[in-house]
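Enquirer: Contents of data13.json (JSON, C-alpha atoms):
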```json
[["chain", "number", "residue", "atom", "x", "y", "z"],
["A", 1, "MET", "CA", 0.00, 0.00, 0.00],
["A", 2, "LEU", "CA", 2.89, 2.38, 0.68],
["A", 3, "ASP", "CA", 3.99, 2.16, -2.95],
["A", 4, "LYS", "CA", 0.53, 3.31, -4.04],
["A", 5, "ILE", "CA", 0.54, 6.11, -1.46],
["A", 6, "GLU", "CA", 3.92, 7.38, -2.64],
["A", 7, "ARG", "CA", 2.94, 7.21, -6.33],
["A", 8, "ARG", "CA", -0.30, 9.08, -5.76],
["A", 9, "PHE", "CA", 1.31, 11.60, -3.42],
["A", 10, "ARG", "CA", 3.87, 12.61, -6.07],
["A", 11, "HIS", "CA", 1.03, 14.04, -8.17],
["A", 12, "PHE", "CA", 0.16, 16.49, -5.37],
["A", 13, "ARG", "CA", 3.52, 17.18, -3.74],
["A", 14, "ASP", "CA", 4.76, 20.18, -5.75],
["A", 15, "LYS", "CA", 1.46, 22.02, -5.45],
["A", 16, "LEU", "CA", 1.20, 21.28, -1.74],
["A", 17, "GLU", "CA", 4.78, 22.36, -1.07],
["A", 18, "SER", "CA", 4.12, 25.70, -2.78],
["A", 19, "ARG", "CA", 1.29, 26.35, -0.31],
["A", 20, "VAL", "CA", 3.32, 25.85, 2.87],
["A", 21, "PRO", "CA", 3.75, 29.17, 4.73],
["A", 22, "ALA", "CA", 7.36, 30.19, 5.23],
["A", 23, "ALA", "CA", 9.29, 31.79, 8.10],
["A", 24, "PRO", "CA", 10.26, 34.22, 9.60],
["A", 25, "ASP", "CA", 6.86, 34.86, 11.22],
["A", 26, "LEU", "CA", 4.63, 31.83, 11.52],
["A", 27, "SER", "CA", 2.73, 32.82, 14.64],
["A", 28, "GLY", "CA", -0.71, 31.28, 14.57],
["A", 29, "HIS", "CA", 0.61, 28.25, 12.72],
["A", 30, "ALA", "CA", 1.23, 24.68, 13.81],
["A", 31, "ALA", "CA", 2.37, 21.43, 12.24],
["A", 32, "VAL", "CA", 1.71, 17.75, 12.86],
["A", 33, "LEU", "CA", 3.19, 14.51, 11.56],
["A", 34, "LEU", "CA", 1.09, 11.81, 9.95],
["A", 35, "ALA", "CA", 3.61, 8.99, 10.37],
["A", 36, "LEU", "CA", 2.98, 5.67, 8.62],
["A", 37, "THR", "CA", 4.86, 2.50, 9.46],
["A", 38, "GLU", "CA", 6.68, 0.86, 6.56],
["A", 39, "GLU", "CA", 4.86, -2.46, 6.24],
["A", 40, "PRO", "CA", 2.24, -4.08, 3.95],
["A", 41, "ASP", "CA", -0.66, -2.69, 6.01],
["A", 42, "PRO", "CA", 0.80, 0.60, 7.25],
["A", 43, "GLU", "CA", -0.22, 1.82, 10.68],
["A", 44, "VAL", "CA", -0.80, 5.44, 11.72],
["A", 45, "ILE", "CA", 0.95, 6.59, 14.89],
["A", 46, "LEU", "CA", -1.48, 8.44, 17.15],
["A", 47, "THR", "CA", -1.28, 9.87, 20.65],
["A", 48, "LEU", "CA", -3.64, 10.35, 23.57],
["A", 49, "ARG", "CA", -3.19, 13.75, 25.17],
["A", 50, "SER", "CA", -2.85, 13.81, 28.94],
["A", 51, "ALA", "CA", -6.03, 14.25, 30.94],
["A", 52, "HIS", "CA", -4.48, 17.07, 32.99],
["A", 53, "LEU", "CA", -3.75, 19.40, 30.04],
["A", 54, "SER", "CA", -5.67, 22.66, 29.87],
["A", 55, "THR", "CA", -6.63, 22.25, 26.20],
["A", 56, "HIS", "CA", -7.72, 19.17, 24.24],
["A", 57, "SER", "CA", -7.16, 17.02, 27.34],
["A", 58, "GLY", "CA", -7.82, 13.33, 26.84],
["A", 59, "GLU", "CA", -8.18, 13.68, 23.07],
["A", 60, "VAL", "CA", -6.53, 11.61, 20.36],
["A", 61, "SER", "CA", -4.18, 13.58, 18.13],
["A", 62, "LEU", "CA", -1.30, 13.35, 15.70],
["A", 63, "PRO", "CA", 2.08, 14.28, 17.20],
["A", 64, "GLY", "CA", 2.93, 17.92, 16.62],
["A", 65, "GLY", "CA", 2.26, 21.39, 17.93],
["A", 66, "ARG", "CA", 2.68, 25.13, 17.58],
["A", 67, "TRP", "CA", 5.44, 26.84, 15.65],
["A", 68, "GLU", "CA", 8.09, 28.44, 17.86],
["A", 69, "THR", "CA", 10.44, 31.29, 16.96],
["A", 70, "GLY", "CA", 13.46, 28.96, 16.86],
["A", 71, "ASP", "CA", 11.86, 26.75, 14.20],
["A", 72, "ALA", "CA", 13.29, 27.25, 10.72],
["A", 73, "SER", "CA", 10.14, 25.90, 9.05],
["A", 74, "LEU", "CA", 6.84, 24.17, 9.73],
["A", 75, "LEU", "CA", 8.51, 20.86, 8.87],
["A", 76, "HIS", "CA", 11.02, 21.63, 11.61],
["A", 77, "THR", "CA", 8.08, 22.29, 13.94],
["A", 78, "ALA", "CA", 6.43, 18.97, 13.14],
["A", 79, "LEU", "CA", 9.65, 16.97, 13.64],
["A", 80, "ARG", "CA", 10.70, 18.85, 16.79],
["A", 81, "GLU", "CA", 7.31, 18.47, 18.43],
["A", 82, "THR", "CA", 7.11, 14.81, 17.42],
["A", 83, "GLU", "CA", 10.46, 14.06, 19.02],
["A", 84, "GLU", "CA", 9.46, 15.95, 22.16],
["A", 85, "GLU", "CA", 6.13, 14.13, 22.42],
["A", 86, "ILE", "CA", 6.90, 10.55, 21.40],
["A", 87, "GLY", "CA", 10.71, 10.31, 21.27],
["A", 88, "LEU", "CA", 10.87, 9.81, 17.50],
["A", 89, "PRO", "CA", 14.12, 11.34, 16.18],
["A", 90, "ALA", "CA", 13.85, 13.47, 13.05],
["A", 91, "GLU", "CA", 16.43, 11.30, 11.29],
["A", 92, "ALA", "CA", 14.15, 8.25, 11.76],
["A", 93, "VAL", "CA", 11.44, 9.84, 9.61],
["A", 94, "ARG", "CA", 11.44, 9.63, 5.82],
["A", 95, "VAL", "CA", 9.46, 12.76, 5.05],
["A", 96, "LEU", "CA", 7.38, 12.60, 1.86],
["A", 97, "GLY", "CA", 6.05, 16.15, 2.05],
["A", 98, "PRO", "CA", 3.19, 18.31, 3.29],
["A", 99, "LEU", "CA", -0.48, 17.41, 3.12],
["A", 100, "TRP", "CA", -3.45, 19.76, 2.82],
["A", 101, "PRO", "CA", -3.37, 22.53, 5.45],
["A", 102, "ARG", "CA", -6.37, 22.86, 7.73],
["A", 103, "SER", "CA", -7.61, 25.50, 10.17],
["A", 104, "THR", "CA", -9.03, 24.68, 13.56],
["A", 105, "ARG", "CA", -12.15, 26.21, 15.06],
["A", 106, "TRP", "CA", -9.77, 28.37, 17.10],
["A", 107, "ASN", "CA", -8.13, 29.79, 13.96],
["A", 108, "VAL", "CA", -4.86, 27.89, 14.25],
["A", 109, "HIS", "CA", -3.50, 27.04, 10.81],
["A", 110, "VAL", "CA", -2.11, 23.51, 10.80],
["A", 111, "THR", "CA", 0.13, 21.94, 8.16],
["A", 112, "PRO", "CA", 0.27, 18.14, 8.34],
["A", 113, "TRP", "CA", 3.40, 16.38, 7.07],
["A", 114, "LEU", "CA", 3.43, 12.84, 5.71],
["A", 115, "GLY", "CA", 6.27, 10.61, 6.78],
["A", 116, "VAL", "CA", 7.30, 6.95, 6.85],
["A", 117, "VAL", "CA", 8.99, 5.22, 9.79],
["A", 118, "SER", "CA", 10.22, 1.75, 10.62],
["A", 119, "PRO", "CA", 7.57, -0.45, 12.29],
["A", 120, "ASP", "CA", 10.21, -1.34, 14.89],
["A", 121, "VAL", "CA", 10.92, 2.24, 15.97],
["A", 122, "ALA", "CA", 10.84, 2.65, 19.75],
["A", 123, "LEU", "CA", 8.44, 5.33, 20.96],
["A", 124, "VAL", "CA", 8.09, 6.74, 24.48],
["A", 125, "PRO", "CA", 5.29, 9.14, 25.49],
["A", 126, "ASN", "CA", 6.29, 12.41, 27.14],
["A", 127, "PRO", "CA", 4.58, 12.04, 30.54],
["A", 128, "GLY", "CA", 3.95, 15.78, 30.74],
["A", 129, "GLU", "CA", 1.94, 15.78, 27.51],
["A", 130, "LEU", "CA", 0.68, 12.29, 26.70],
["A", 131, "ASP", "CA", -1.04, 9.39, 28.39],
["A", 132, "ALA", "CA", -0.45, 6.94, 25.53],
["A", 133, "ILE", "CA", 0.93, 6.25, 22.06],
["A", 134, "PHE", "CA", -0.91, 3.77, 19.87],
["A", 135, "ARG", "CA", -1.10, 2.64, 16.26],
["A", 136, "VAL", "CA", -4.07, 2.06, 13.98],
["A", 137, "PRO", "CA", -3.90, 0.17, 10.66],
["A", 138, "LEU", "CA", -4.83, 2.26, 7.64],
["A", 139, "SER", "CA", -7.11, -0.60, 6.63],
["A", 140, "PHE", "CA", -9.26, 0.15, 9.69],
["A", 141, "PHE", "CA", -10.04, 3.66, 8.42],
["A", 142, "LEU", "CA", -10.51, 2.48, 4.84],
["A", 143, "GLU", "CA", -13.38, 0.29, 6.03],
["A", 144, "ASP", "CA", -15.01, 3.42, 7.57],
["A", 145, "PRO", "CA", -16.38, 1.71, 10.71],
["A", 146, "ARG", "CA", -17.47, 5.06, 12.14],
["A", 147, "ILE", "CA", -19.57, 5.27, 15.28],
["A", 148, "ARG", "CA", -21.07, 8.65, 14.35],
["A", 149, "THR", "CA", -20.62, 11.74, 12.20],
["A", 150, "ASP", "CA", -19.69, 15.06, 13.82],
["A", 151, "GLN", "CA", -20.83, 18.38, 12.35],
["A", 152, "ILE", "CA", -18.63, 21.38, 13.09],
["A", 153, "THR", "CA", -18.79, 24.91, 11.75],
["A", 154, "ILE", "CA", -15.70, 26.75, 10.51],
["A", 155, "ASP", "CA", -16.03, 30.18, 8.88],
["A", 156, "GLU", "CA", -19.82, 29.72, 8.85],
["A", 157, "ARG", "CA", -19.46, 26.52, 6.82],
["A", 158, "ALA", "CA", -20.69, 23.14, 8.05],
["A", 159, "ILE", "CA", -18.09, 20.38, 7.93],
["A", 160, "TYR", "CA", -18.92, 16.71, 8.52],
["A", 161, "LEU", "CA", -16.27, 14.42, 10.01],
["A", 162, "PRO", "CA", -16.40, 10.72, 10.89],
["A", 163, "ALA", "CA", -15.68, 9.57, 14.44],
["A", 164, "TYR", "CA", -14.17, 6.15, 15.16],
["A", 165, "GLN", "CA", -13.73, 3.88, 18.14],
["A", 166, "PHE", "CA", -10.49, 1.86, 18.04],
["A", 167, "GLN", "CA", -9.99, -0.25, 21.15],
["A", 168, "GLU", "CA", -10.32, 2.21, 24.05],
["A", 169, "TYR", "CA", -9.56, 5.26, 21.90],
["A", 170, "GLU", "CA", -12.09, 7.59, 20.27],
["A", 171, "ILE", "CA", -10.70, 9.24, 17.12],
["A", 172, "TRP", "CA", -12.68, 12.27, 16.05],
["A", 173, "GLY", "CA", -12.57, 15.98, 15.24],
["A", 174, "PHE", "CA", -9.50, 17.57, 13.72],
["A", 175, "THR", "CA", -7.44, 14.37, 13.71],
["A", 176, "ALA", "CA", -10.20, 12.44, 11.95],
["A", 177, "GLY", "CA", -10.43, 15.26, 9.42],
["A", 178, "ILE", "CA", -6.74, 15.06, 8.48],
["A", 179, "LEU", "CA", -6.90, 11.27, 8.18],
["A", 180, "THR", "CA", -10.08, 11.32, 6.11],
["A", 181, "GLU", "CA", -8.77, 13.93, 3.66],
["A", 182, "PHE", "CA", -5.56, 11.94, 3.21],
["A", 183, "LEU", "CA", -7.43, 8.68, 2.58],
["A", 184, "VAL", "CA", -9.97, 10.20, 0.20],
["A", 185, "LYS", "CA", -7.50, 12.21, -1.88],
["A", 186, "ILE", "CA", -4.55, 9.80, -1.90],
["A", 187, "LEU", "CA", -6.23, 6.39, -1.77],
["A", 188, "ASP", "CA", -9.65, 7.23, -3.27],
["A", 189, "ALA", "CA", -11.33, 5.98, -0.10],
["A", 190, "ASP", "CA", -15.12, 6.06, -0.13],
["A", 191, "ILE", "CA", -15.60, 8.00, 3.11],
["A", 192, "SER", "CA", -18.67, 10.15, 2.58],
["A", 193, "HIS", "CA", -21.72, 11.30, 4.51],
["A", 194, "ARG", "CA", -23.73, 8.43, 6.04],
["A", 195, "ASN", "CA", -27.25, 8.31, 7.43],
["A", 196, "ASP", "CA", -26.89, 5.01, 9.30],
["A", 197, "VAL", "CA", -24.94, 6.47, 12.25],
["A", 198, "PRO", "CA", -25.79, 9.23, 14.76],
["A", 199, "LEU", "CA", -25.07, 12.88, 13.86],
["A", 200, "ARG", "CA", -23.55, 15.09, 16.57],
["A", 201, "ALA", "CA", -23.47, 18.87, 16.15],
["A", 202, "LEU", "CA", -20.54, 20.61, 17.85],
["A", 203, "ASN", "CA", -20.41, 24.32, 18.64]]
```
Once more with this new file: its structure as structure tokens, please.

Expert:
Amino acid sequence: MLDKIERRFRHFRDKLESRVPAAPDLSGHAAVLLALTEEPDPEVILTLRSAHLSTHSGEVSLPGGRWETGDASLLHTALRETEEEIGLPAEAVRVLGPLWPRSTRWNVHVTPWLGVVSPDVALVPNPGELDAIFRVPLSFFLEDPRIRTDQITIDERAIYLPAYQFQEYEIWGFTAGILTEFLVKILDADISHRNDVPLRALN
């Protein structure tokens, strides 16, 4: 599957790279890493944010965070934050390039980066930020076993996002949006609106 992902991604890469905001001032921007393990059924590396955090506590997310003034680029931000959060060194990531940028409801502009890592890489959660690190096969999301659809409003526009339950983890919101867009645009996944699951409207 990784071969297909890399082939399809090459068609988008130049255009996506041209859209990545550049330093020196990237305040209001953030970056995350969508890391796939290099194996026949790649897995996505996800994190569970600590319950004691003041924002997004107890939520599933991709590793990453806000741009800081010492970061040379948003790629640097994604790799720095990933190493701080899960102990994954930048040199252990084969970066393919940026994905489609997204804005949060709180007007933070996030650039996801697509990378490939060894399935044997050792990961350790930062106890000050995370309660867990876990992996989900891409095939799980391709089957679209959603438990509900969430409706959120950004810039007065309704956006519908699937929500998933994987083991004890609920994957929803912004993280589900990044994963869904990647799967639909790169792998032609059929993840569309469904009427057979509950709809939850979020403010």

Enquirer: Here is a test: counting only C-alpha atoms, which residue of A:Phe12, A:Thr111, A:Leu79, A:Met1 is nearest to Ala31 in chain A?

Expert: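 Looking only at the distances to Ala31 in chain A, the closest residue turns out to be A:Thr111.
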
Enquirer: I want to know what sits within 8 Å of range 86-93 of chain A, based on all atoms listed in the file, with residues of the same chain fewer than 2 positions away left out; could you give that as number ranges by chain?

Expert: A: 35, 63, 79-80, 82-84, 95, 115-118, 121-126, 133

Enquirer: I'd like the neighbourhood of Gly65 in chain A as a list in words, where a residue qualifies if any of its atoms comes within 8 Å (using only C-alpha atoms), though same-chain residues fewer than 6 positions away should be ignored.

Expert: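 Selected residues are Ala30, Ala31, Val32, Thr77, Ala78 and Glu81 of chain A.
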
Enquirer: Find the residues around Glu6 in chain A up to 8 Å (only C-alpha atoms counted), leave out those fewer than 4 positions away in its own chain, and share them as a list in words.

Expert: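 Near Glu6 in chain A, the qualifying residues are Leu2, Arg10 and Leu96 of chain A.
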
Enquirer: Using only C-alpha atoms, which protein or nucleic acid residues come within 12 Å of range 160-170 of chain A? Drop anything in the same chain fewer than 3 positions from it, and give the result as a compact mmCIF listing (two decimals) with C-alpha atoms, in the frame of the given file.

Expert:
```txt
# COMPACT_ATOMS: atom_id res chain seq x y z
CA LEU A 46 -1.48 8.44 17.15
CA THR A 47 -1.28 9.87 20.65
CA LEU A 48 -3.64 10.35 23.57
CA ARG A 49 -3.19 13.75 25.17
CA GLY A 58 -7.82 13.33 26.84
CA GLU A 59 -8.18 13.68 23.07
CA VAL A 60 -6.53 11.61 20.36
CA SER A 61 -4.18 13.58 18.13
CA ASP A 131 -1.04 9.39 28.39
CA ALA A 132 -0.45 6.94 25.53
CA ILE A 133 0.93 6.25 22.06
CA PHE A 134 -0.91 3.77 19.87
CA ARG A 135 -1.10 2.64 16.26
CA VAL A 136 -4.07 2.06 13.98
CA PRO A 137 -3.90 0.17 10.66
CA LEU A 138 -4.83 2.26 7.64
CA PHE A 140 -9.26 0.15 9.69
CA PHE A 141 -10.04 3.66 8.42
CA LEU A 142 -10.51 2.48 4.84
CA GLU A 143 -13.38 0.29 6.03
CA ASP A 144 -15.01 3.42 7.57
CA PRO A 145 -16.38 1.71 10.71
CA ARG A 146 -17.47 5.06 12.14
CA ILE A 147 -19.57 5.27 15.28
CA ARG A 148 -21.07 8.65 14.35
CA THR A 149 -20.62 11.74 12.20
CA ASP A 150 -19.69 15.06 13.82
CA GLN A 151 -20.83 18.38 12.35
CA ILE A 152 -18.63 21.38 13.09
CA THR A 153 -18.79 24.91 11.75
CA ILE A 154 -15.70 26.75 10.51
CA ARG A 157 -19.46 26.52 6.82
CA GLY A 173 -12.57 15.98 15.24
CA PHE A 174 -9.50 17.57 13.72
CA THR A 175 -7.44 14.37 13.71
CA ALA A 176 -10.20 12.44 11.95
CA GLY A 177 -10.43 15.26 9.42
CA ILE A 178 -6.74 15.06 8.48
CA LEU A 179 -6.90 11.27 8.18
CA THR A 180 -10.08 11.32 6.11
CA GLU A 181 -8.77 13.93 3.66
CA ILE A 191 -15.60 8.00 3.11
CA SER A 192 -18.67 10.15 2.58
CA HIS A 193 -21.72 11.30 4.51
CA ARG A 194 -23.73 8.43 6.04
CA ASN A 195 -27.25 8.31 7.43
CA VAL A 197 -24.94 6.47 12.25
CA PRO A 198 -25.79 9.23 14.76
CA LEU A 199 -25.07 12.88 13.86
CA ARG A 200 -23.55 15.09 16.57
CA ALA A 201 -23.47 18.87 16.15
CA LEU A 202 -20.54 20.61 17.85
```

Enquirer: Quick one: residues within 8 Å of Arg13 in chain A, all atoms listed in the file, excluding same-chain residues fewer than 4 positions away - as a PDB file with C-alpha atoms, keeping the file's coordinate frame?

Expert:
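Resulting contents of out-v8.pdb:
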```
ATOM      1  CA  PHE A   9       1.310  11.600  -3.420  1.00  0.00           C
ATOM      2  CA  GLU A  17       4.780  22.360  -1.070  1.00  0.00           C
ATOM      3  CA  GLY A  97       6.050  16.150   2.050  1.00  0.00           C
ATOM      4  CA  PRO A  98       3.190  18.310   3.290  1.00  0.00           C
ATOM      5  CA  LEU A  99      -0.480  17.410   3.120  1.00  0.00           C
TER       6      LEU A  99
END
```

Enquirer: Report, as lines of an AutoDock Vina configuration file, the centre and edge lengths in Å (one decimal) of the axis-aligned box enclosing every listed atom of range 148-159 of chain A, padded by 3 Å on each side.

Expert:
```
center_x = -18.4
center_y = 19.4
center_z = 10.6
size_x = 11.4
size_y = 27.5
size_z = 13.5
```

Enquirer: Find the residue from A:Ser27, A:Asp14, A:Leu36, A:Pro21 that sits nearest to Asp120 in chain A; use only C-alpha atoms when measuring.

Expert: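 The answer is A:Leu36, which sits nearest to Asp120 in chain A.
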
Enquirer: Quick one: distance from CA of Pro42 in chain A to CA of Pro119 in chain A in Å, one decimal?

Expert: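 Going from CA of Pro42 in chain A over to CA of Pro119 in chain A, I get 8.5 Å.
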
Enquirer: CA of Thr37 in chain A to CA of His52 in chain A: how many Å, to one decimal?

Expert: 29.2 Å
